[in-house]
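Enquirer: The following file, start37.cif, comprises mmCIF, C-alpha atoms:
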data_my_file
loop_
_atom_site.group_PDB
_atom_site.id
_atom_site.type_symbol
_atom_site.label_atom_id
_atom_site.label_comp_id
_atom_site.auth_asym_id
_atom_site.auth_seq_id
_atom_site.Cartn_x
_atom_site.Cartn_y
_atom_site.Cartn_z
ATOM 1 C CA MET A 1175 13.900 27.179 0.647
ATOM 2 C CA TYR A 1176 14.901 29.974 3.049
ATOM 3 C CA GLN A 1177 18.625 29.259 3.130
ATOM 4 C CA HIS A 1178 19.276 31.196 -0.070
ATOM 5 C CA MET A 1179 16.369 33.581 0.192
ATOM 6 C CA ASN A 1180 17.030 36.991 -1.271
ATOM 7 C CA ALA A 1181 15.593 40.306 -0.174
ATOM 8 C CA ASN A 1182 12.915 40.218 -2.853
ATOM 9 C CA ASN A 1183 11.638 36.817 -1.665
ATOM 10 C CA TRP A 1184 11.592 38.128 1.906
ATOM 11 C CA PHE A 1185 9.651 41.197 0.822
ATOM 12 C CA ASN A 1186 7.069 38.951 -0.846
ATOM 13 C CA LEU A 1187 6.638 36.987 2.405
ATOM 14 C CA GLY A 1188 5.583 40.098 4.308
ATOM 15 C CA GLU A 1189 2.843 42.701 4.385
ATOM 16 C CA PHE A 1190 2.515 46.322 5.470
ATOM 17 C CA ILE A 1191 0.504 47.272 8.538
ATOM 18 C CA GLU A 1192 -0.205 50.903 9.301
ATOM 19 C CA THR A 1193 0.706 51.768 12.880
ATOM 20 C CA GLU A 1194 0.527 55.312 14.229
ATOM 21 C CA GLY A 1195 0.413 56.707 10.692
ATOM 22 C CA ASN A 1196 3.426 54.768 9.388
ATOM 23 C CA GLN A 1197 3.670 51.601 7.324
ATOM 24 C CA LEU A 1198 5.564 48.852 9.152
ATOM 25 C CA PHE A 1199 6.765 45.809 7.218
ATOM 26 C CA VAL A 1200 5.729 42.578 8.964
ATOM 27 C CA VAL A 1201 6.403 38.896 8.317
ATOM 28 C CA ASP A 1202 3.782 36.724 10.038
ATOM 29 C CA THR A 1203 3.972 32.954 9.522
ATOM 30 C CA LYS A 1204 0.570 32.279 11.192
ATOM 31 C CA ASP A 1205 -0.671 28.675 11.580
ATOM 32 C CA ARG A 1206 0.594 28.031 15.151
ATOM 33 C CA ASP A 1207 -0.886 28.711 18.574
ATOM 34 C CA GLU A 1208 2.355 29.705 20.323
ATOM 35 C CA VAL A 1209 3.606 33.119 19.232
ATOM 36 C CA LEU A 1210 7.216 34.309 18.967
ATOM 37 C CA LEU A 1211 7.615 38.078 18.570
ATOM 38 C CA ILE A 1212 11.050 39.120 17.277
ATOM 39 C CA LEU A 1213 12.781 42.493 17.699
ATOM 40 C CA HIS A 1214 15.686 42.743 15.241
ATOM 41 C CA GLY A 1215 19.031 44.531 15.469
ATOM 42 C CA TYR A 1216 20.911 47.538 14.050
ATOM 43 C CA PRO A 1217 21.477 48.517 11.275
ATOM 44 C CA THR A 1218 19.794 45.573 9.609
ATOM 45 C CA SER A 1219 16.193 44.309 9.538
ATOM 46 C CA SER A 1220 13.828 41.375 9.890
ATOM 47 C CA PHE A 1221 15.744 39.849 6.956
ATOM 48 C CA ASP A 1222 18.297 38.694 9.580
ATOM 49 C CA TYR A 1223 15.863 35.841 10.290
ATOM 50 C CA CYS A 1224 15.577 34.470 6.741
ATOM 51 C CA LYS A 1225 17.683 31.373 7.541
ATOM 52 C CA VAL A 1226 15.974 30.456 10.803
ATOM 53 C CA LEU A 1227 12.325 31.073 9.921
ATOM 54 C CA PRO A 1228 11.567 27.478 8.784
ATOM 55 C CA LEU A 1229 13.233 26.101 11.939
ATOM 56 C CA LEU A 1230 11.342 28.413 14.312
ATOM 57 C CA THR A 1231 8.000 27.693 12.650
ATOM 58 C CA GLU A 1232 8.230 24.060 13.783
ATOM 59 C CA LYS A 1233 7.005 25.390 17.140
ATOM 60 C CA TYR A 1234 5.943 29.003 16.757
ATOM 61 C CA ARG A 1235 3.849 31.433 14.827
ATOM 62 C CA VAL A 1236 6.676 33.875 14.137
ATOM 63 C CA ILE A 1237 6.004 37.598 13.844
ATOM 64 C CA VAL A 1238 8.939 39.841 12.993
ATOM 65 C CA HIS A 1239 8.663 43.442 11.832
ATOM 66 C CA ASP A 1240 11.104 46.067 10.639
ATOM 67 C CA HIS A 1241 11.347 48.886 13.184
ATOM 68 C CA LEU A 1242 10.432 52.291 11.786
ATOM 69 C CA GLY A 1243 13.446 53.574 9.821
ATOM 70 C CA PHE A 1244 14.757 50.057 9.136
ATOM 71 C CA GLY A 1245 14.364 47.538 6.327
ATOM 72 C CA PHE A 1246 11.179 47.882 4.291
ATOM 73 C CA SER A 1247 9.297 49.943 6.892
ATOM 74 C CA ASP A 1248 8.707 53.658 6.361
ATOM 75 C CA LYS A 1249 11.731 55.927 6.833
ATOM 76 C CA PRO A 1250 10.286 59.394 7.414
ATOM 77 C CA LYS A 1251 12.825 62.215 7.645
ATOM 78 C CA LYS A 1252 10.984 63.803 10.546
ATOM 79 C CA ALA A 1253 10.162 61.080 13.034
ATOM 80 C CA SER A 1254 11.203 60.034 16.499
ATOM 81 C CA TYR A 1255 13.475 57.027 16.238
ATOM 82 C CA SER A 1256 13.762 56.822 20.012
ATOM 83 C CA LEU A 1257 13.897 53.300 21.431
ATOM 84 C CA VAL A 1258 11.028 54.311 23.715
ATOM 85 C CA ASN A 1259 8.898 55.096 20.653
ATOM 86 C CA GLN A 1260 10.032 51.914 18.905
ATOM 87 C CA ALA A 1261 8.803 49.932 21.927
ATOM 88 C CA GLN A 1262 5.440 51.709 21.830
ATOM 89 C CA ARG A 1263 5.115 51.048 18.086
ATOM 90 C CA ALA A 1264 5.885 47.353 18.577
ATOM 91 C CA LEU A 1265 3.248 47.061 21.316
ATOM 92 C CA GLN A 1266 0.708 48.924 19.189
ATOM 93 C CA LEU A 1267 1.449 46.702 16.180
ATOM 94 C CA TRP A 1268 1.031 43.503 18.208
ATOM 95 C CA LYS A 1269 -2.196 44.838 19.716
ATOM 96 C CA GLN A 1270 -3.541 45.580 16.220
ATOM 97 C CA MET A 1271 -2.653 42.012 15.247
ATOM 98 C CA GLY A 1272 -4.631 40.680 18.205
ATOM 99 C CA ILE A 1273 -1.659 39.126 20.030
ATOM 100 C CA LYS A 1274 -2.562 38.409 23.661
ATOM 101 C CA LYS A 1275 0.200 36.013 24.745
ATOM 102 C CA ALA A 1276 3.715 35.485 23.365
ATOM 103 C CA THR A 1277 7.435 34.953 23.838
ATOM 104 C CA ILE A 1278 9.573 37.987 22.970
ATOM 105 C CA LEU A 1279 12.974 37.423 21.368
ATOM 106 C CA ALA A 1280 15.401 40.308 20.911
ATOM 107 C CA HIS A 1281 18.852 40.773 19.420
ATOM 108 C CA ASP A 1282 21.253 43.748 19.472
ATOM 109 C CA TYR A 1283 19.254 47.038 19.147
ATOM 110 C CA GLY A 1284 16.113 44.975 19.739
ATOM 111 C CA THR A 1285 17.233 44.147 23.281
ATOM 112 C CA SER A 1286 16.839 47.821 24.240
ATOM 113 C CA VAL A 1287 13.355 47.912 22.697
ATOM 114 C CA ALA A 1288 12.595 44.751 24.686
ATOM 115 C CA THR A 1289 13.888 46.164 27.987
ATOM 116 C CA GLU A 1290 11.656 49.233 27.598
ATOM 117 C CA ILE A 1291 8.733 46.833 27.057
ATOM 118 C CA ILE A 1292 9.765 44.936 30.218
ATOM 119 C CA ALA A 1293 9.942 48.223 32.157
ATOM 120 C CA LEU A 1294 6.397 49.070 30.990
ATOM 121 C CA HIS A 1295 5.294 45.506 31.807
ATOM 122 C CA ASN A 1296 6.662 45.856 35.347
ATOM 123 C CA GLU A 1297 4.566 49.026 35.665
ATOM 124 C CA GLY A 1298 1.422 47.187 34.567
ATOM 125 C CA LYS A 1299 1.201 49.172 31.319
ATOM 126 C CA VAL A 1300 1.460 46.284 28.833
ATOM 127 C CA ASP A 1301 -1.651 44.439 27.725
ATOM 128 C CA LEU A 1302 0.281 41.346 26.682
ATOM 129 C CA GLU A 1303 1.099 38.175 28.578
ATOM 130 C CA ILE A 1304 4.837 37.648 28.085
ATOM 131 C CA GLU A 1305 5.533 33.948 28.579
ATOM 132 C CA GLN A 1306 9.279 34.167 28.114
ATOM 133 C CA LEU A 1307 11.976 36.672 27.186
ATOM 134 C CA ILE A 1308 14.912 35.610 25.011
ATOM 135 C CA LEU A 1309 17.911 37.963 24.814
ATOM 136 C CA CYS A 1310 20.741 37.591 22.296
ATOM 137 C CA ASN A 1311 23.945 39.644 22.072
ATOM 138 C CA GLY A 1312 22.861 43.187 22.742
ATOM 139 C CA SER A 1313 24.795 45.951 24.498
ATOM 140 C CA ILE A 1314 22.348 46.390 27.363
ATOM 141 C CA HIS A 1315 25.371 47.077 29.544
ATOM 142 C CA ILE A 1316 26.553 49.786 27.174
ATOM 143 C CA GLU A 1317 29.547 50.527 29.413
ATOM 144 C CA TYR A 1318 31.100 47.223 28.230
ATOM 145 C CA SER A 1319 30.111 47.504 24.572
ATOM 146 C CA GLN A 1320 32.987 47.641 22.091
ATOM 147 C CA LEU A 1321 31.461 50.119 19.650
ATOM 148 C CA ARG A 1322 32.720 50.200 16.069
ATOM 149 C CA THR A 1323 34.408 53.407 14.912
ATOM 150 C CA ILE A 1324 31.633 53.959 12.381
ATOM 151 C CA GLN A 1325 29.011 53.788 15.156
ATOM 152 C CA LYS A 1326 30.870 56.460 17.122
ATOM 153 C CA LEU A 1327 31.085 58.694 14.049
ATOM 154 C CA LEU A 1328 27.418 58.198 13.159
ATOM 155 C CA ARG A 1329 26.353 58.926 16.728
ATOM 156 C CA ASN A 1330 28.200 62.258 16.800
ATOM 157 C CA LYS A 1331 25.862 65.128 15.883
ATOM 158 C CA TRP A 1332 28.533 66.849 13.787
ATOM 159 C CA THR A 1333 30.028 63.903 11.910
ATOM 160 C CA GLY A 1334 26.879 61.731 11.824
ATOM 161 C CA PRO A 1335 25.036 63.276 8.841
ATOM 162 C CA LEU A 1336 28.224 63.431 6.756
ATOM 163 C CA VAL A 1337 29.251 59.843 7.538
ATOM 164 C CA ALA A 1338 25.700 58.651 6.740
ATOM 165 C CA LYS A 1339 25.931 60.403 3.377
ATOM 166 C CA LEU A 1340 29.357 58.932 2.600
ATOM 167 C CA THR A 1341 28.605 55.406 3.812
ATOM 168 C CA ASN A 1342 28.585 52.963 0.917
ATOM 169 C CA TYR A 1343 28.467 49.252 0.271
ATOM 170 C CA PRO A 1344 32.249 48.601 0.638
ATOM 171 C CA ILE A 1345 32.228 50.286 4.083
ATOM 172 C CA PHE A 1346 29.107 48.353 5.125
ATOM 173 C CA LYS A 1347 30.558 45.073 3.837
ATOM 174 C CA LYS A 1348 33.820 45.526 5.751
ATOM 175 C CA ASN A 1349 32.082 46.424 9.021
ATOM 176 C CA MET A 1350 29.577 43.570 8.800
ATOM 177 C CA ARG A 1351 32.129 40.930 7.863
ATOM 178 C CA ASN A 1352 34.329 41.972 10.795
ATOM 179 C CA ILE A 1353 31.663 41.035 13.343
ATOM 180 C CA TYR A 1354 31.386 37.442 12.107
ATOM 181 C CA PHE A 1355 33.669 34.945 13.834
ATOM 182 C CA ASP A 1356 33.958 32.771 10.727
ATOM 183 C CA LYS A 1357 34.140 35.200 7.796
ATOM 184 C CA SER A 1358 33.427 32.361 5.354
ATOM 185 C CA LYS A 1359 29.923 32.046 6.835
ATOM 186 C CA VAL A 1360 28.779 35.200 5.041
ATOM 187 C CA SER A 1361 28.957 35.576 1.272
ATOM 188 C CA ASP A 1362 29.266 38.763 -0.749
ATOM 189 C CA GLU A 1363 25.799 38.015 -2.134
ATOM 190 C CA GLU A 1364 24.282 37.928 1.369
ATOM 191 C CA LEU A 1365 25.952 41.197 2.301
ATOM 192 C CA GLU A 1366 24.718 42.806 -0.908
ATOM 193 C CA GLU A 1367 21.165 41.723 -0.039
ATOM 194 C CA MET A 1368 21.497 43.162 3.488
ATOM 195 C CA TRP A 1369 22.794 46.434 2.073
ATOM 196 C CA SER A 1370 19.930 46.646 -0.431
ATOM 197 C CA VAL A 1371 17.404 46.263 2.400
ATOM 198 C CA LEU A 1372 19.184 48.845 4.573
ATOM 199 C CA ASN A 1373 19.219 51.313 1.698
ATOM 200 C CA TYR A 1374 15.633 50.603 0.588
ATOM 201 C CA ASN A 1375 13.724 53.868 0.257
ATOM 202 C CA HIS A 1376 16.958 55.852 0.843
ATOM 203 C CA GLY A 1377 17.539 54.338 4.293
ATOM 204 C CA LYS A 1378 21.152 55.468 4.295
ATOM 205 C CA ARG A 1379 20.118 59.113 4.735
ATOM 206 C CA ILE A 1380 18.713 58.501 8.252
ATOM 207 C CA VAL A 1381 21.166 55.922 9.585
ATOM 208 C CA HIS A 1382 22.870 58.564 11.774
ATOM 209 C CA GLU A 1383 19.485 59.266 13.418
ATOM 210 C CA LEU A 1384 18.990 55.561 14.136
ATOM 211 C CA THR A 1385 22.455 55.453 15.734
ATOM 212 C CA GLN A 1386 21.290 57.797 18.524
ATOM 213 C CA TYR A 1387 20.014 54.660 20.293
ATOM 214 C CA ILE A 1388 23.510 54.389 21.808
ATOM 215 C CA THR A 1389 22.950 57.651 23.702
ATOM 216 C CA GLU A 1390 19.607 56.341 24.974
ATOM 217 C CA ARG A 1391 21.264 53.222 26.337
ATOM 218 C CA TYR A 1392 23.238 55.473 28.677
ATOM 219 C CA LEU A 1393 20.262 57.726 29.400
ATOM 220 C CA TYR A 1394 17.892 54.899 30.350
ATOM 221 C CA TRP A 1395 20.492 52.551 31.833
ATOM 222 C CA ASP A 1396 18.917 52.529 35.314
ATOM 223 C CA ARG A 1397 15.408 52.023 33.945
ATOM 224 C CA TRP A 1398 16.299 49.193 31.564
ATOM 225 C CA VAL A 1399 18.834 47.266 33.648
ATOM 226 C CA GLY A 1400 16.554 47.852 36.630
ATOM 227 C CA ALA A 1401 13.617 46.360 34.724
ATOM 228 C CA LEU A 1402 15.573 43.162 34.075
ATOM 229 C CA LYS A 1403 16.631 42.933 37.733
ATOM 230 C CA THR A 1404 12.992 42.999 38.873
ATOM 231 C CA THR A 1405 11.154 41.124 36.124
ATOM 232 C CA LYS A 1406 9.347 37.906 36.989
ATOM 233 C CA ILE A 1407 9.338 36.766 33.358
ATOM 234 C CA PRO A 1408 11.406 33.597 32.737
ATOM 235 C CA THR A 1409 14.382 34.658 30.616
ATOM 236 C CA LYS A 1410 16.667 32.752 28.295
ATOM 237 C CA ILE A 1411 20.011 34.313 27.379
ATOM 238 C CA ILE A 1412 21.642 33.010 24.188
ATOM 239 C CA TRP A 1413 25.072 34.580 23.773
ATOM 240 C CA ALA A 1414 27.738 34.248 21.104
ATOM 241 C CA LYS A 1415 31.138 33.995 22.766
ATOM 242 C CA ASN A 1416 33.100 35.614 19.945
ATOM 243 C CA ASP A 1417 31.049 38.762 19.478
ATOM 244 C CA PRO A 1418 33.499 41.687 19.252
ATOM 245 C CA ILE A 1419 30.751 44.212 20.166
ATOM 246 C CA ALA A 1420 28.412 42.698 22.789
ATOM 247 C CA ILE A 1421 31.227 40.856 24.553
ATOM 248 C CA PRO A 1422 30.698 37.815 26.839
ATOM 249 C CA LYS A 1423 31.014 40.037 29.931
ATOM 250 C CA ILE A 1424 27.583 41.537 29.096
ATOM 251 C CA GLY A 1425 25.966 38.091 28.897
ATOM 252 C CA GLU A 1426 27.593 37.104 32.198
ATOM 253 C CA LEU A 1427 26.311 40.261 33.892
ATOM 254 C CA LEU A 1428 22.761 39.691 32.654
ATOM 255 C CA ALA A 1429 22.860 36.113 33.927
ATOM 256 C CA SER A 1430 23.906 37.413 37.356
ATOM 257 C CA GLU A 1431 21.178 40.089 37.447
ATOM 258 C CA ILE A 1432 18.013 38.602 35.955
ATOM 259 C CA PRO A 1433 16.185 36.594 38.645
ATOM 260 C CA ASN A 1434 14.816 33.632 36.655
ATOM 261 C CA ASN A 1435 17.187 32.968 33.767
ATOM 262 C CA GLU A 1436 19.179 30.335 31.927
ATOM 263 C CA ILE A 1437 22.212 31.225 29.825
ATOM 264 C CA TYR A 1438 23.416 29.300 26.781
ATOM 265 C CA TRP A 1439 26.740 30.042 25.121
ATOM 266 C CA MET A 1440 27.453 29.657 21.420
ATOM 267 C CA GLU A 1441 31.103 28.909 20.700
ATOM 268 C CA ASN A 1442 32.902 30.103 17.562
ATOM 269 C CA THR A 1443 30.114 32.527 16.735
ATOM 270 C CA GLY A 1444 30.082 36.283 16.205
ATOM 271 C CA HIS A 1445 27.490 39.029 16.573
ATOM 272 C CA PHE A 1446 24.875 37.800 14.061
ATOM 273 C CA LEU A 1447 24.439 34.397 15.665
ATOM 274 C CA MET A 1448 21.190 33.561 13.824
ATOM 275 C CA LEU A 1449 22.936 34.113 10.487
ATOM 276 C CA GLU A 1450 26.314 32.584 11.300
ATOM 277 C CA ASN A 1451 25.079 29.392 12.987
ATOM 278 C CA PRO A 1452 21.315 29.241 12.292
ATOM 279 C CA LYS A 1453 20.710 25.594 13.250
ATOM 280 C CA GLU A 1454 22.510 25.751 16.595
ATOM 281 C CA TRP A 1455 20.860 29.076 17.460
ATOM 282 C CA SER A 1456 17.373 27.840 16.541
ATOM 283 C CA LYS A 1457 17.852 24.702 18.616
ATOM 284 C CA LEU A 1458 18.627 26.851 21.678
ATOM 285 C CA VAL A 1459 15.626 29.113 21.029
ATOM 286 C CA LEU A 1460 13.318 26.078 20.803
ATOM 287 C CA LYS A 1461 14.908 24.247 23.738
ATOM 288 C CA SER A 1462 12.454 23.699 26.614
ATOM 289 C CA SER A 1463 13.503 24.888 30.050
#
Here is the file; what I need is its structure written in the form of structure tokens.
Expert:
Amino acid sequence: MYQHMNANNWFNLGEFIETEGNQLFVVDTKDRDEVLLILHGYPTSSFDYCKVLPLLTEKYRVIVHDHLGFGFSDKPKKASYSLVNQAQRALQLWKQMGIKKATILAHDYGTSVATEIIALHNEGKVDLEIEQLILCNGSIHIEYSQLRTIQKLLRNKWTGPLVAKLTNYPIFKKNMRNIYFDKSKVSDEELEEMWSVLNYNHGKRIVHELTQYITERYLYWDRWVGALKTTKIPTKIIWAKNDPIAIPKIGELLASEIPNNEIYWMENTGHFLMLENPKEWSKLVLKSS
């Protein structure tokens, strides 16, 4: 059912929840006691999880939302898209939904949102019992990240607004396809659906603002890497070996720094591991320690 789900089907699965004056799009599968909270990546959305949702629901109640500025969530022109604010919004959303205990899974951009949550948790400021943390291919160690040219241009305060304006589907398609290991694993139709979600409600116009997260990764490096070094939360690291952005070195470093962790490698897999090899990825997520 989910394997060929389009953006419209995904939209119909979700609902909007108002958090801090903005509408956040949320998919909540309900009907399970164990909760898995997912923080998605950049520049995509919760739609990244369309192929794995039926596999994850064998064990979990899955809750995945679009960060503000992404996917079907609101995209206000004047808003703070800081990762720190995205973490606070996620915590507020989960609190509104009555979530008391959960596993947090994060990929790409979402790993920075997650590390801010861990930093707050270490400070005793999070009213949520985090049973486990699962980290997948994110540039937490930004110094080793192999940023795409388009990311560098979007991040720049002079070129960013212009590049955002000029970005179109062919550019998006090329950049996305290049971060898959096996290019045949993503069809033109899938990429068109991803683009339609990104550009929902004129999302393209703020993509340069969302790209400022890269600057924050440098700014909060000590806080976020430090949080992982001191967390007591059991952590699972699932890393694609052929990711051209969040290279294996980052996964190796995290495994050497996080006190209570297990690392699992996915061979022949690029950046979007849950889309490229959904069954293998889901099996690792569900695997008991």
Enquirer: On this file, the PyMOL selection byres ((chain A and resi 1353) around 7) gives some set of residues; write that set as a list of chain:residue names.
Expert: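 Applied to this file, the PyMOL selection byres ((chain A and resi 1353) around 7) selects A:Asn1349, A:Met1350, A:Arg1351, A:Asn1352, A:Tyr1354, A:Phe1355, A:Asp1417, A:Pro1418, A:Gly1444, A:His1445.
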Enquirer: In Å, how far is it from atom CA of A:Arg1235 to atom CA of A:Val1209?
Expert: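 Separating atom CA of A:Arg1235 from atom CA of A:Val1209 is a distance of 4.7 Å.
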Enquirer: Counting all atoms listed in the file, figure out which residue out of A:Trp1369, A:Phe1221, A:Phe1244, A:Tyr1283 gets nearest to A:Leu1257.
Expert: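 Of A:Trp1369, A:Phe1221, A:Phe1244, A:Tyr1283, the one nearest A:Leu1257 is A:Tyr1283, counting all atoms listed in the file.
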Enquirer: Please identify all polymer residues lying at most 8 Å from the point (19.2, 35.3, 29.6) (file coordinates), using only C-alpha atoms, and present the result as a list in words.
Expert: Leu1307, Ile1308, Leu1309, Cys1310, Thr1409, Lys1410, Ile1411, Ile1412, Gly1425, Leu1428, Ala1429, Ile1432, Asn1435, Glu1436, Ile1437 and Tyr1438 of chain A
Enquirer: Would you compute the distance between atom CA of A:Ser1370 and atom CA of A:Met1448? Give it in Å to one decimal.
Expert: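 Going from atom CA of A:Ser1370 over to atom CA of A:Met1448, I get 19.4 Å.
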Enquirer: Apply the PyMOL selection byres ((chain A and resi 1381) around 10) to the file shown and report the selected residues as a ChimeraX atom specification.
Expert: /A:1216-1217,1243-1244,1249,1325,1328-1329,1334-1335,1337-1339,1341,1372-1373,1376-1380,1382-1386
Enquirer: Next, write the just-selected residues to a file, as an mmCIF file, keeping the file's coordinate frame, keeping C-alpha atoms as the atom set.
Expert:
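Produced file again12.cif, reproduced below:
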data_model
loop_
_atom_site.group_PDB
_atom_site.id
_atom_site.type_symbol
_atom_site.label_atom_id
_atom_site.label_comp_id
_atom_site.auth_asym_id
_atom_site.auth_seq_id
_atom_site.Cartn_x
_atom_site.Cartn_y
_atom_site.Cartn_z
ATOM 1 C CA TYR A 1216 20.911 47.538 14.050
ATOM 2 C CA PRO A 1217 21.477 48.517 11.275
ATOM 3 C CA GLY A 1243 13.446 53.574 9.821
ATOM 4 C CA PHE A 1244 14.757 50.057 9.136
ATOM 5 C CA LYS A 1249 11.731 55.927 6.833
ATOM 6 C CA GLN A 1325 29.011 53.788 15.156
ATOM 7 C CA LEU A 1328 27.418 58.198 13.159
ATOM 8 C CA ARG A 1329 26.353 58.926 16.728
ATOM 9 C CA GLY A 1334 26.879 61.731 11.824
ATOM 10 C CA PRO A 1335 25.036 63.276 8.841
ATOM 11 C CA VAL A 1337 29.251 59.843 7.538
ATOM 12 C CA ALA A 1338 25.700 58.651 6.740
ATOM 13 C CA LYS A 1339 25.931 60.403 3.377
ATOM 14 C CA THR A 1341 28.605 55.406 3.812
ATOM 15 C CA LEU A 1372 19.184 48.845 4.573
ATOM 16 C CA ASN A 1373 19.219 51.313 1.698
ATOM 17 C CA HIS A 1376 16.958 55.852 0.843
ATOM 18 C CA GLY A 1377 17.539 54.338 4.293
ATOM 19 C CA LYS A 1378 21.152 55.468 4.295
ATOM 20 C CA ARG A 1379 20.118 59.113 4.735
ATOM 21 C CA ILE A 1380 18.713 58.501 8.252
ATOM 22 C CA HIS A 1382 22.870 58.564 11.774
ATOM 23 C CA GLU A 1383 19.485 59.266 13.418
ATOM 24 C CA LEU A 1384 18.990 55.561 14.136
ATOM 25 C CA THR A 1385 22.455 55.453 15.734
ATOM 26 C CA GLN A 1386 21.290 57.797 18.524
#
Enquirer: With only C-alpha atoms as the atoms that count, which of A:Lys1347, A:Ala1261, A:Lys1457, A:Ser1256 lies nearest to A:Tyr1387?
Expert: A:Ser1256
Enquirer: Calculate how many Å separate atom CA of A:Asn1342 from atom CA of A:Val1360, rounding to one decimal.
Expert: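 Calculated distance between atom CA of A:Asn1342 and atom CA of A:Val1360 is 18.2 Å.
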Enquirer: Please return, as a list in words, all polymer residues that have at least one atom within 9 Å of the point (4.7, 36.8, 27.3); use all atoms listed in the file and the file's own coordinate frame.
Expert: Val1209, Lys1274, Lys1275, Ala1276, Thr1277, Ile1278, Leu1302, Glu1303, Ile1304, Glu1305, Gln1306, Leu1307 and Ile1407 of chain A
Enquirer: Could you tell me which of A:Thr1404, A:Lys1359, A:Ser1254, A:Val1201 comes closest to A:Asn1183 if we count only C-alpha atoms?
Expert: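 Going through A:Thr1404, A:Lys1359, A:Ser1254, A:Val1201 one by one, the smallest distance to A:Asn1183 is for A:Val1201.
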Enquirer: So that each row is one residue of stretch 1232-1310 of chain A with an atom at most 8 Å from stretch 1184-1191 of chain A, can you give its shortest atom pair and the distance in Å to one decimal, using only C-alpha atoms, rows by chain and rising number, as JSON lines?
Expert:
{"residue": "A:Phe1246", "atom": "CA", "partner": "A:Phe1185", "partner_atom": "CA", "distance": 7.7}
{"residue": "A:Ser1247", "atom": "CA", "partner": "A:Phe1190", "partner_atom": "CA", "distance": 7.8}
{"residue": "A:Leu1267", "atom": "CA", "partner": "A:Ile1191", "partner_atom": "CA", "distance": 7.7}
Enquirer: Go through A:Leu1321, A:Val1238, A:Ile1421, A:Leu1340 and flag the residue nearest A:Asp1222, using all atoms listed in the file for the distances.
Expert: A:Val1238
Enquirer: Find the spatial neighbours of A:Asp1282, counting all atoms listed in the file, within a cut-off of 8 Å - ignore same-chain residues fewer than 5 positions away - and output them as a ChimeraX atom specification.
Expert: /A:1214-1216,1310-1313,1420
Enquirer: Starting from the displayed file, determine the output of the PyMOL selection byres ((chain A and resi 1280) around 6) and express the residue list as number ranges by chain.
Expert: A: 1212-1213, 1279, 1281, 1284-1285, 1309
Enquirer: Pick from A:Met1440, A:Val1200, A:Ile1419, A:Val1459: nearest to A:Ser1319, with only C-alpha atoms counted?
Expert: A:Ile1419
Enquirer: Using only the atoms of stretch 1228-1235 of chain A listed in the file, plus 5 Å on each side, state the axis-aligned box centre and edge lengths in Å rounded to one decimal, as lines of an AutoDock Vina configuration file.
Expert:
center_x = 8.5
center_y = 27.7
center_z = 13.0
size_x = 19.4
size_y = 17.4
size_z = 18.4
Enquirer: Hey, which of A:Ile1292, A:His1315, A:Thr1193, A:Glu1297 ends up closest to A:Met1271? Count only C-alpha atoms.
Expert: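 The shortest atom-to-atom distance to A:Met1271 comes from A:Thr1193.
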Enquirer: Using all atoms listed in the file, which residues sit within 10 Å of A:Asn1296 once same-chain residues fewer than 5 positions away are excluded, as number ranges by chain?
Expert: A: 1290-1291, 1401-1402, 1404-1407
Enquirer: With only C-alpha atoms as the counted atoms, please give the residues lying no more than 9 Å from A:Ile1316, apart from itself and same-chain residues fewer than 6 positions off, as a list of chain:residue names.
Expert: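 The residues satisfying every condition are A:Ile1388, A:Arg1391, A:Tyr1392, A:Trp1395, A:Ala1420, A:Ile1424.
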